[in-house]
>>> print(open('query14.cif').read())   # mmCIF, C-alpha atoms
data_target
loop_
_atom_site.label_atom_id
_atom_site.label_comp_id
_atom_site.auth_asym_id
_atom_site.auth_seq_id
_atom_site.Cartn_x
_atom_site.Cartn_y
_atom_site.Cartn_z
CA MET A 1 -13.05 -15.76 3.35
CA VAL A 2 -13.59 -14.08 6.72
CA ALA A 3 -11.30 -11.09 7.21
CA SER A 4 -9.35 -11.38 10.47
CA TYR A 5 -8.86 -7.64 10.51
CA SER A 6 -10.43 -4.99 12.73
CA PHE A 7 -9.74 -1.71 14.49
CA THR A 8 -11.03 -0.81 17.96
CA ILE A 9 -10.74 2.64 19.50
CA GLY A 10 -9.51 2.82 23.08
CA THR A 11 -9.08 6.19 24.83
CA ARG A 12 -9.79 9.49 23.06
CA LEU A 13 -7.96 12.74 23.74
CA ASP A 14 -10.39 15.41 24.94
CA GLY A 15 -11.43 17.74 22.14
CA ARG A 16 -8.91 16.32 19.67
CA ASN A 17 -8.68 13.58 17.07
CA GLY A 18 -5.94 11.68 18.90
CA ARG A 19 -6.72 8.29 20.43
CA SER A 20 -5.34 4.92 21.41
CA GLY A 21 -6.63 1.71 19.93
CA VAL A 22 -5.97 -1.84 18.81
CA LEU A 23 -5.45 -2.92 15.20
CA GLU A 24 -6.12 -6.65 14.71
CA THR A 25 -4.40 -8.35 11.76
CA PRO A 26 -4.03 -11.99 10.68
CA HIS A 27 -0.49 -12.00 12.08
CA GLY A 28 -1.13 -10.31 15.40
CA THR A 29 -2.35 -7.16 17.12
CA ILE A 30 -0.87 -3.67 17.08
CA ALA A 31 -1.53 -1.40 20.04
CA THR A 32 -1.87 2.13 18.68
CA PRO A 33 -0.49 4.71 18.39
CA ALA A 34 2.42 2.65 17.04
CA PHE A 35 5.67 3.34 15.24
CA ILE A 36 6.23 0.90 12.36
CA PRO A 37 9.97 0.54 11.59
CA VAL A 38 10.89 0.38 7.92
CA GLY A 39 12.51 -2.73 6.45
CA THR A 40 12.62 -1.51 2.85
CA LYS A 41 13.98 -4.65 1.20
CA ALA A 42 12.49 -7.14 3.69
CA THR A 43 15.07 -6.17 6.29
CA VAL A 44 15.66 -3.29 8.65
CA LYS A 45 19.20 -2.51 7.55
CA ALA A 46 21.90 -4.06 9.75
CA MET A 47 19.29 -5.74 11.99
CA LEU A 48 18.00 -9.25 12.65
CA PRO A 49 14.19 -9.57 12.64
CA GLU A 50 14.54 -11.25 16.03
CA THR A 51 16.29 -8.15 17.33
CA MET A 52 13.47 -5.92 16.09
CA ARG A 53 11.02 -8.13 17.97
CA GLU A 54 13.13 -7.96 21.15
CA LEU A 55 13.31 -4.16 21.10
CA GLY A 56 9.52 -3.93 20.94
CA ALA A 57 8.62 -3.37 17.29
CA GLN A 58 5.01 -4.47 16.74
CA ALA A 59 5.09 -4.50 12.92
CA LEU A 60 7.47 -3.81 10.04
CA LEU A 61 6.97 -2.05 6.71
CA ALA A 62 8.61 -3.10 3.42
CA ASN A 63 8.59 -1.45 0.01
CA ALA A 64 6.78 -2.85 -3.02
CA TYR A 65 9.00 -1.07 -5.56
CA HIS A 66 12.26 -2.45 -4.20
CA LEU A 67 10.95 -5.99 -3.64
CA TYR A 68 9.42 -6.02 -7.13
CA LEU A 69 12.83 -5.24 -8.62
CA GLN A 70 14.71 -7.61 -6.31
CA PRO A 71 14.14 -10.48 -5.60
CA GLY A 72 10.73 -10.31 -7.32
CA ALA A 73 7.27 -10.41 -5.73
CA ASP A 74 6.69 -13.92 -7.10
CA ILE A 75 9.62 -15.24 -5.08
CA VAL A 76 8.27 -13.67 -1.88
CA ASP A 77 4.86 -15.18 -2.66
CA GLU A 78 6.41 -18.61 -3.20
CA ALA A 79 8.12 -18.27 0.18
CA GLY A 80 4.71 -17.85 1.83
CA GLY A 81 4.64 -14.07 1.96
CA LEU A 82 6.78 -11.29 3.38
CA GLY A 83 6.70 -12.46 7.00
CA ASN A 84 7.78 -16.01 6.17
CA PHE A 85 10.41 -14.76 3.73
CA MET A 86 12.11 -12.54 6.31
CA ASN A 87 11.37 -14.71 9.39
CA TRP A 88 9.11 -12.10 10.97
CA SER A 89 6.02 -13.56 12.63
CA GLY A 90 4.29 -10.26 13.40
CA PRO A 91 2.15 -7.93 11.28
CA THR A 92 3.62 -6.42 8.12
CA PHE A 93 2.86 -3.38 5.97
CA THR A 94 3.87 -2.63 2.36
CA ASP A 95 3.70 0.75 0.67
CA SER A 96 2.54 0.88 -2.93
CA GLY A 97 5.87 1.76 -4.53
CA GLY A 98 4.48 5.11 -5.64
CA PHE A 99 6.91 7.18 -3.57
CA GLN A 100 9.97 5.40 -4.95
CA VAL A 101 8.71 5.41 -8.54
CA MET A 102 8.20 9.17 -8.37
CA SER A 103 11.15 10.20 -6.19
CA LEU A 104 13.76 8.01 -7.84
CA GLY A 105 12.24 8.71 -11.23
CA ALA A 106 12.57 12.46 -10.70
CA GLY A 107 16.18 12.10 -9.58
CA PHE A 108 15.58 12.88 -5.92
CA LYS A 109 16.71 9.45 -4.67
CA LYS A 110 15.47 8.83 -1.11
CA VAL A 111 14.32 12.28 -0.03
CA ILE A 112 12.20 14.89 -1.79
CA ALA A 113 12.62 18.45 -0.58
CA MET A 114 9.20 19.62 0.53
CA GLU A 115 9.91 23.34 1.00
CA SER A 116 7.36 25.55 -0.72
CA VAL A 117 9.84 28.22 -1.79
CA GLY A 118 10.83 28.66 -5.40
CA VAL A 119 9.12 28.71 -8.77
CA ARG A 120 6.14 26.40 -9.24
CA SER A 121 6.49 23.86 -12.03
CA ASP A 122 4.46 20.98 -13.41
CA ASP A 123 7.63 19.05 -14.27
CA VAL A 124 9.63 18.76 -11.08
CA ILE A 125 12.99 17.02 -11.34
CA ALA A 126 16.16 17.20 -9.28
CA LYS A 127 18.77 19.57 -10.71
CA GLY A 128 21.24 17.87 -13.00
CA LYS A 129 19.33 14.57 -13.00
CA GLU A 130 17.73 12.56 -15.77
CA ARG A 131 14.02 11.79 -15.53
CA LEU A 132 13.48 8.05 -15.07
CA ALA A 133 9.68 8.07 -14.66
CA VAL A 134 6.84 9.38 -16.81
CA VAL A 135 3.31 9.65 -15.42
CA ASP A 136 0.12 9.33 -17.47
CA ASP A 137 -3.50 8.76 -16.51
CA ASP A 138 -3.13 4.98 -16.70
CA GLY A 139 0.04 4.62 -14.61
CA VAL A 140 3.78 5.26 -14.55
CA THR A 141 6.52 4.07 -16.89
CA PHE A 142 9.93 4.08 -15.27
CA ARG A 143 13.43 2.75 -15.54
CA SER A 144 14.99 0.81 -12.68
CA HIS A 145 17.52 2.73 -10.61
CA LEU A 146 19.45 -0.57 -10.39
CA ASP A 147 20.07 -1.45 -14.03
CA GLY A 148 18.10 0.96 -16.20
CA SER A 149 15.56 -1.68 -17.29
CA LYS A 150 12.12 -0.38 -18.26
CA HIS A 151 9.02 -1.14 -16.15
CA ARG A 152 5.39 -0.13 -15.90
CA PHE A 153 3.38 0.40 -12.68
CA THR A 154 -0.38 0.78 -12.78
CA PRO A 155 -2.85 0.49 -9.90
CA GLU A 156 -3.46 -3.11 -10.95
CA VAL A 157 0.25 -3.92 -11.08
CA SER A 158 0.82 -2.42 -7.61
CA MET A 159 -2.07 -4.45 -6.20
CA ASN A 160 -0.74 -7.65 -7.76
CA ILE A 161 2.72 -7.02 -6.35
CA GLN A 162 1.40 -6.24 -2.88
CA HIS A 163 -0.90 -9.26 -2.85
CA GLN A 164 2.08 -11.44 -3.73
CA LEU A 165 4.12 -9.82 -0.97
CA GLY A 166 1.29 -10.71 1.39
CA ALA A 167 1.48 -7.88 3.94
CA ASP A 168 -1.35 -7.45 6.44
CA VAL A 169 -1.74 -3.79 5.45
CA MET A 170 -1.06 -2.40 1.99
CA PHE A 171 -1.63 0.96 0.32
CA ALA A 172 -3.38 2.09 -2.85
CA PHE A 173 -1.15 3.30 -5.69
CA ASP A 174 -1.02 7.10 -5.77
CA GLU A 175 0.87 9.89 -7.47
CA LEU A 176 3.34 11.75 -5.30
CA THR A 177 3.55 15.49 -5.88
CA THR A 178 5.81 18.09 -4.29
CA LEU A 179 5.22 21.62 -3.08
CA PHE A 180 6.94 22.88 -6.24
CA ASN A 181 4.03 21.65 -8.35
CA THR A 182 1.42 24.21 -9.36
CA ARG A 183 -2.08 24.29 -7.88
CA ASP A 184 -3.43 23.25 -11.29
CA TYR A 185 -1.20 20.18 -11.33
CA GLN A 186 -2.13 19.29 -7.74
CA GLU A 187 -5.80 19.26 -8.78
CA LYS A 188 -5.07 17.15 -11.87
CA SER A 189 -2.96 14.75 -9.82
CA LEU A 190 -5.66 14.41 -7.18
CA ARG A 191 -8.20 13.40 -9.82
CA ARG A 192 -5.72 10.85 -11.15
CA THR A 193 -5.00 9.45 -7.68
CA HIS A 194 -8.74 9.14 -7.01
CA GLU A 195 -9.26 7.14 -10.21
CA TRP A 196 -6.26 4.96 -9.34
CA ALA A 197 -7.78 4.37 -5.88
CA ARG A 198 -10.99 3.09 -7.49
CA ARG A 199 -9.00 0.76 -9.72
CA CYS A 200 -7.00 -0.46 -6.71
CA LEU A 201 -10.23 -1.35 -4.88
CA ASP A 202 -11.53 -3.28 -7.89
CA GLU A 203 -8.29 -5.21 -8.31
CA HIS A 204 -8.04 -5.81 -4.56
CA GLU A 205 -11.52 -7.36 -4.59
CA ARG A 206 -10.60 -9.61 -7.52
CA LEU A 207 -7.33 -10.77 -5.98
CA THR A 208 -8.84 -11.32 -2.53
CA ALA A 209 -11.45 -13.62 -4.07
CA ALA A 210 -8.81 -15.45 -6.10
CA ARG A 211 -6.30 -15.88 -3.26
CA THR A 212 -8.36 -17.46 -0.49
CA HIS A 213 -5.34 -19.59 0.43
CA ARG A 214 -3.75 -16.44 1.86
CA PRO A 215 -4.86 -14.38 4.89
CA TYR A 216 -6.90 -11.26 4.26
CA GLN A 217 -4.92 -8.12 3.43
CA ALA A 218 -6.27 -4.72 4.42
CA LEU A 219 -6.13 -1.96 1.81
CA PHE A 220 -5.62 1.67 2.83
CA GLY A 221 -6.46 4.59 0.54
CA VAL A 222 -3.83 7.35 0.31
CA ILE A 223 -4.69 11.03 0.82
CA GLN A 224 -2.87 13.63 -1.27
CA GLY A 225 -3.57 17.34 -1.77
CA ALA A 226 -0.31 18.96 -0.62
CA GLN A 227 -0.94 21.95 1.70
CA TYR A 228 -4.31 22.92 0.26
CA GLU A 229 -7.09 22.48 2.81
CA ASP A 230 -9.85 22.14 0.23
CA LEU A 231 -7.92 19.47 -1.71
CA ARG A 232 -7.05 17.46 1.41
CA ARG A 233 -10.63 17.51 2.66
CA LYS A 234 -11.97 16.69 -0.81
CA ALA A 235 -9.57 13.73 -1.10
CA CYS A 236 -10.71 12.37 2.28
CA ARG A 237 -14.41 12.68 1.49
CA GLU A 238 -14.05 11.08 -1.92
CA LEU A 239 -11.95 8.18 -0.65
CA GLU A 240 -14.38 7.56 2.20
CA THR A 241 -17.33 7.19 -0.15
CA LEU A 242 -15.45 5.23 -2.80
CA ARG A 243 -16.53 1.62 -3.25
CA GLY A 244 -15.22 -1.15 -5.45
CA ALA A 245 -17.31 -3.17 -7.87
CA ALA A 246 -18.41 -5.46 -5.02
CA GLU A 247 -19.07 -2.49 -2.69
CA THR A 248 -15.80 -3.00 -0.84
CA ALA A 249 -14.48 0.13 0.91
CA PHE A 250 -11.01 1.00 2.14
CA ASP A 251 -10.01 -0.61 5.44
CA GLY A 252 -8.06 2.45 6.55
CA TYR A 253 -6.29 5.52 5.24
CA GLY A 254 -2.74 6.73 4.69
CA ILE A 255 -1.94 10.44 4.97
CA GLY A 256 0.87 11.15 2.55
CA GLY A 257 2.13 13.69 0.08
CA ALA A 258 3.86 17.02 0.26
CA LEU A 259 3.70 19.12 3.40
CA GLU A 260 5.95 21.38 5.42
CA LYS A 261 6.89 20.38 8.93
CA HIS A 262 5.17 23.33 10.59
CA ASN A 263 1.89 22.42 8.85
CA LEU A 264 1.96 18.73 9.83
CA GLY A 265 -0.57 18.95 12.67
CA THR A 266 -2.93 21.19 10.72
CA ILE A 267 -2.99 18.87 7.71
CA VAL A 268 -3.39 15.70 9.79
CA GLY A 269 -6.22 17.47 11.61
CA TRP A 270 -7.99 18.40 8.36
CA CYS A 271 -7.81 14.81 7.20
CA CYS A 272 -8.92 13.22 10.46
CA ASP A 273 -11.83 15.65 10.74
CA GLU A 274 -13.14 14.19 7.48
CA LEU A 275 -12.22 10.51 7.83
CA PRO A 276 -14.46 7.95 9.57
CA GLU A 277 -13.57 7.47 13.22
CA ASP A 278 -13.80 3.70 13.12
CA LYS A 279 -10.94 3.20 10.65
CA PRO A 280 -7.20 3.53 11.31
CA ARG A 281 -5.08 6.36 9.92
CA HIS A 282 -1.45 5.86 8.96
CA MET A 283 0.96 8.80 8.61
CA LEU A 284 3.57 8.09 5.97
CA GLY A 285 7.15 9.01 6.82
CA ILE A 286 7.63 10.70 10.22
CA SER A 287 9.79 9.85 13.23
CA GLU A 288 11.19 12.96 14.96
CA PRO A 289 9.74 13.31 18.49
CA GLU A 290 8.00 16.64 17.90
CA ASP A 291 6.41 15.28 14.71
CA ILE A 292 5.25 12.12 16.47
CA PHE A 293 3.49 14.06 19.23
CA THR A 294 1.89 16.37 16.67
CA ALA A 295 0.69 13.55 14.42
CA VAL A 296 -0.70 11.48 17.30
CA GLU A 297 -2.47 14.43 18.91
CA ASN A 298 -4.17 15.24 15.63
CA GLY A 299 -5.33 11.70 14.90
CA ALA A 300 -2.60 9.48 13.42
CA ASP A 301 -2.76 5.89 14.70
CA THR A 302 0.35 4.43 13.06
CA PHE A 303 3.32 5.90 11.21
CA ASP A 304 6.56 4.76 9.64
CA CYS A 305 9.95 6.23 8.84
CA VAL A 306 13.42 5.03 7.85
CA ASN A 307 15.06 7.83 9.82
CA PRO A 308 16.02 6.02 13.07
CA SER A 309 17.99 3.39 11.15
CA ARG A 310 19.27 5.72 8.42
CA VAL A 311 20.79 8.28 10.78
CA ALA A 312 22.18 5.49 12.98
CA ARG A 313 24.28 4.26 10.06
CA ASN A 314 25.74 7.76 9.93
CA ALA A 315 26.64 7.81 13.64
CA ALA A 316 23.66 9.91 14.78
CA ILE A 317 22.23 8.83 18.13
CA TYR A 318 18.95 9.72 19.84
CA LEU A 319 18.72 10.85 23.45
CA ASP A 320 15.77 12.39 25.28
CA GLU A 321 17.59 15.72 24.95
CA GLY A 322 18.19 15.47 21.20
CA ARG A 323 20.37 13.91 18.53
CA PHE A 324 24.18 13.84 18.56
CA ASN A 325 26.99 12.25 16.57
CA ILE A 326 28.96 9.48 18.31
CA ASN A 327 31.91 9.64 15.89
CA THR A 328 33.25 12.97 17.17
CA SER A 329 36.56 13.00 19.04
CA ARG A 330 35.10 13.82 22.46
CA PHE A 331 33.84 10.23 22.77
CA ARG A 332 37.18 8.46 22.23
CA ARG A 333 37.60 7.87 25.95
CA ASP A 334 33.97 8.01 27.07
CA PHE A 335 33.34 4.62 28.71
CA THR A 336 29.72 5.27 29.62
CA PRO A 337 26.70 3.89 27.73
CA ILE A 338 24.91 5.99 25.14
CA ASP A 339 22.12 6.53 27.67
CA GLU A 340 22.29 5.12 31.18
CA HIS A 341 18.48 5.21 31.40
CA CYS A 342 17.93 3.24 28.18
CA ASP A 343 17.00 -0.45 28.36
CA CYS A 344 18.25 -1.41 24.89
CA TYR A 345 20.85 -4.13 24.27
CA THR A 346 23.44 -1.61 23.11
CA CYS A 347 23.22 0.59 26.19
CA ALA A 348 23.35 -2.46 28.47
CA ASN A 349 26.54 -3.82 26.92
CA TYR A 350 28.60 -1.21 25.06
CA THR A 351 30.22 2.17 25.65
CA ARG A 352 30.34 5.37 23.66
CA ALA A 353 34.08 4.88 23.25
CA TYR A 354 33.56 1.47 21.63
CA LEU A 355 30.90 2.81 19.26
CA HIS A 356 33.18 5.72 18.37
CA HIS A 357 35.93 3.22 17.58
CA LEU A 358 33.64 1.10 15.39
CA PHE A 359 32.68 4.08 13.25
CA LYS A 360 36.26 5.27 12.90
CA ALA A 361 37.32 1.72 11.98
CA LYS A 362 34.41 1.49 9.51
CA GLU A 363 33.17 -1.71 11.14
CA MET A 364 29.69 -2.94 10.19
CA LEU A 365 28.84 -3.59 13.84
CA ALA A 366 28.65 0.17 14.36
CA ALA A 367 25.47 0.38 12.29
CA THR A 368 23.88 -2.57 14.08
CA LEU A 369 24.49 -1.32 17.60
CA CYS A 370 23.41 2.25 16.89
CA THR A 371 20.31 1.13 14.99
CA ILE A 372 19.28 -1.03 17.94
CA HIS A 373 19.40 2.03 20.17
CA ASN A 374 17.61 4.42 17.80
CA GLU A 375 14.82 1.99 16.96
CA ARG A 376 14.31 1.15 20.63
CA TYR A 377 14.29 4.86 21.50
CA THR A 378 11.55 5.56 18.96
CA VAL A 379 9.44 2.49 19.79
CA ARG A 380 9.67 3.25 23.52
CA LEU A 381 8.73 6.92 23.01
CA VAL A 382 5.54 5.93 21.20
CA ASP A 383 4.79 3.27 23.81
CA ARG A 384 4.98 6.01 26.44
CA ILE A 385 2.76 8.30 24.40
CA ARG A 386 0.17 5.53 24.14
CA ALA A 387 0.35 4.94 27.90
CA SER A 388 -0.08 8.67 28.52
CA ILE A 389 -3.25 8.72 26.40
CA ASP A 390 -4.70 5.74 28.22
CA GLY A 391 -3.60 7.16 31.57
CA GLY A 392 -5.03 10.62 30.96
CA TYR A 393 -1.73 12.54 31.17
CA PHE A 394 -0.84 13.07 27.49
CA ASP A 395 -0.48 16.86 27.73
CA GLU A 396 1.79 16.61 30.76
CA TYR A 397 3.97 13.97 29.11
CA LYS A 398 4.16 15.94 25.87
CA ALA A 399 5.27 19.08 27.73
CA GLU A 400 7.87 17.11 29.67
CA ALA A 401 9.27 15.22 26.69
CA LEU A 402 9.41 18.14 24.27
CA GLY A 403 10.75 20.38 27.01
CA ARG A 404 13.83 18.12 27.06
CA TRP A 405 14.08 17.58 23.29
CA LYS A 406 16.28 20.19 21.62
CA GLY A 407 16.81 18.64 18.18
CA ARG A 408 20.51 18.42 17.38
CA VAL A 409 22.58 18.64 20.57
CA ALA A 410 26.02 18.02 21.95
CA ALA A 411 25.62 14.91 24.09
CA PRO A 412 26.12 15.20 27.84
#
>>> encode(input="query14.cif", output="structure tokens")
Amino acid sequence: MVASYSFTIGTRLDGRNGRSGVLETPHGTIATPAFIPVGTKATVKAMLPETMRELGAQALLANAYHLYLQPGADIVDEAGGLGNFMNWSGPTFTDSGGFQVMSLGAGFKKVIAMESVGVRSDDVIAKGKERLAVVDDDGVTFRSHLDGSKHRFTPEVSMNIQHQLGADVMFAFDELTTLFNTRDYQEKSLRRTHEWARRCLDEHERLTAARTHRPYQALFGVIQGAQYEDLRRKACRELETLRGAAETAFDGYGIGGALEKHNLGTIVGWCCDELPEDKPRHMLGISEPEDIFTAVENGADTFDCVNPSRVARNAAIYLDEGRFNINTSRFRRDFTPIDEHCDCYTCANYTRAYLHHLFKAKEMLAATLCTIHNERYTVRLVDRIRASIDGGYFDEYKAEALGRWKGRVAAP
């Protein structure tokens, strides 16, 4: 089967790893850099897929762990794959499930604290929580956060699930560590993740040959190594040279794992210095404006994060100046749009006072309207970054945009 998948570099940033490009997939093209909104359970929460398309999303990412538990990867496969199942005609990504297996299994739920302070430990678990996942060299045994049922993920299981889900881009199964883990454990985990990557390539080759009735799915290797330069560079070099039984290599790379915000650009830079230029690099889990600029400048081509939709459901709204909460009393009689310069559906049709009312009344529409705005804000920001790279004014645009952005603010 001929793979309808390719990556072409467009404009490079002078003296840096950042660039624009085009990622071709069986379900359409993605102009990079690109923000990939997260639809964890085959839906961006509170949103129609059609709405995501209208606000400019080029691709969506779903989660293998959650879809394996419910409704089951076999059901998605029977539906014709993730895109058909959720009525999304564009490109799709799936992560391997490794993050959720580890984070939920260690009692951290959706977010793992990545601060490096505190005592190092090889058995990290959230305080007061019961461990639901146990890692060994072959894979991970875990209990479902939904009903406590016991399950087993291995590299081969993750590949089978992701092939059934049918995303255009999928990721190798890896072990997530935190900054609380010792250096010794980080080294041990990196060896384990490398072996799992090899097994993922072998299983990917087997399934690709067996499933010629489905479009080709690209497989990205995942880079771990926490904040250790030598481990990050070692992981990149080893993944780049890794080949499956049929000499298949990774189609791209995902930069994941534990890191502190102030080290984001440095770590992305280490990785992109080592990785081949002609393959795309995906940054797992970022969406704040300063992080986006940093990741893009240092070589990230695509990235995903649940944050725009998650904070929207909690009344947090993005503006060019920063993030503010719409449910505070000052907006009760504010009959202006969230942002008069925004072209999203919400800003064109609704006022701050109405959104304030919806949150106070606990109406579901509040989440929908605020998510529309936050997702559009993030997609548009990255579109502008891409245009600034192609137009040769990235540094000027970065200075202008981050000069306005103040993080959490009181809205004007």
>>> closest_atom_pairs(input="query14.cif", of="region 362-387 of chain A", to="region 329-346 of chain A", cutoff="9 Å", atoms="all atoms listed in the file", output="tab-separated table")
residue	atom	partner	partner_atom	distance
A:Leu369	CA	A:Thr346	CA	5.6
A:Cys370	CA	A:Thr346	CA	7.3
A:Ile372	CA	A:Thr346	CA	6.7
A:His373	CA	A:Cys344	CA	6.0
A:Arg376	CA	A:Cys344	CA	6.3
A:Tyr377	CA	A:Cys342	CA	7.8
>>> atom_distance(input="query14.cif", atom1="CA of Phe324 (chain A)", atom2="CA of Glu400 (chain A)")
20.0 Å
>>> closest_residue(input="query14.cif", among="A:Ala133, A:Ile292, A:Leu61, A:Ala353", to="Val44 (chain A)", atoms="all atoms listed in the file")
A:Leu61
>>> resolve_selection(input="query14.cif", expression="the PyMOL selection byres ((chain A and resi 327) around 12)", output="ChimeraX atom specification")
/A:312-317,324-326,328-334,352-362,366-367,370,410-411
>>> resolve_selection(input="query14.cif", expression="the PyMOL selection byres ((chain A and resi 307) around 10)", output="CSV table (one decimal) with C-alpha atoms, keeping the file's coordinate frame")
chain,number,residue,atom,x,y,z
A,37,PRO,CA,10.0,0.5,11.6
A,38,VAL,CA,10.9,0.4,7.9
A,285,GLY,CA,7.2,9.0,6.8
A,286,ILE,CA,7.6,10.7,10.2
A,287,SER,CA,9.8,9.8,13.2
A,288,GLU,CA,11.2,13.0,15.0
A,304,ASP,CA,6.6,4.8,9.6
A,305,CYS,CA,10.0,6.2,8.8
A,306,VAL,CA,13.4,5.0,7.8
A,308,PRO,CA,16.0,6.0,13.1
A,309,SER,CA,18.0,3.4,11.2
A,310,ARG,CA,19.3,5.7,8.4
A,311,VAL,CA,20.8,8.3,10.8
A,312,ALA,CA,22.2,5.5,13.0
A,313,ARG,CA,24.3,4.3,10.1
A,371,THR,CA,20.3,1.1,15.0
A,374,ASN,CA,17.6,4.4,17.8
A,375,GLU,CA,14.8,2.0,17.0
>>> closest_residue(input="query14.cif", among="A:Ser96, A:Asp278, A:His262, A:Arg232", to="Thr8 (chain A)", atoms="only C-alpha atoms")
A:Asp278
>>> decode(input="query14.cif", residues="region 277-291 of chain A", atoms="N, CA and C atoms", output="compact mmCIF listing (two decimals), in the first residue's frame")
# COMPACT_ATOMS: atom_id res chain seq x y z
N GLU A 277 15.77 16.69 10.01
CA GLU A 277 15.02 17.88 9.60
C GLU A 277 13.77 17.55 8.80
N ASP A 278 13.81 16.44 8.06
CA ASP A 278 12.75 16.17 7.10
C ASP A 278 11.54 15.46 7.70
N LYS A 279 11.50 15.33 9.04
CA LYS A 279 10.36 14.69 9.68
C LYS A 279 9.72 15.64 10.69
N PRO A 280 8.39 15.60 10.82
CA PRO A 280 7.70 16.53 11.71
C PRO A 280 7.92 16.21 13.18
N ARG A 281 7.79 17.25 14.01
CA ARG A 281 7.98 17.12 15.46
C ARG A 281 6.73 17.65 16.15
N HIS A 282 6.16 16.81 16.99
CA HIS A 282 4.95 17.18 17.71
C HIS A 282 5.28 17.37 19.19
N MET A 283 4.85 18.53 19.74
CA MET A 283 5.03 18.81 21.16
C MET A 283 3.76 18.44 21.89
N LEU A 284 3.87 17.55 22.84
CA LEU A 284 2.70 17.03 23.55
C LEU A 284 2.32 17.92 24.72
N GLY A 285 1.14 18.56 24.62
CA GLY A 285 0.53 19.21 25.78
C GLY A 285 0.92 20.63 26.09
N ILE A 286 0.91 21.56 25.12
CA ILE A 286 1.13 22.97 25.41
C ILE A 286 0.09 23.82 24.69
N SER A 287 -0.27 24.98 25.28
CA SER A 287 -1.21 25.87 24.58
C SER A 287 -1.14 27.32 25.04
N GLU A 288 -0.43 27.65 26.11
CA GLU A 288 -0.33 29.05 26.51
C GLU A 288 0.52 29.82 25.49
N PRO A 289 0.16 31.07 25.18
CA PRO A 289 0.84 31.80 24.12
C PRO A 289 2.36 31.82 24.23
N GLU A 290 2.89 32.08 25.42
CA GLU A 290 4.35 32.14 25.54
C GLU A 290 5.00 30.78 25.26
N ASP A 291 4.29 29.69 25.64
CA ASP A 291 4.82 28.35 25.37
C ASP A 291 4.76 28.03 23.88
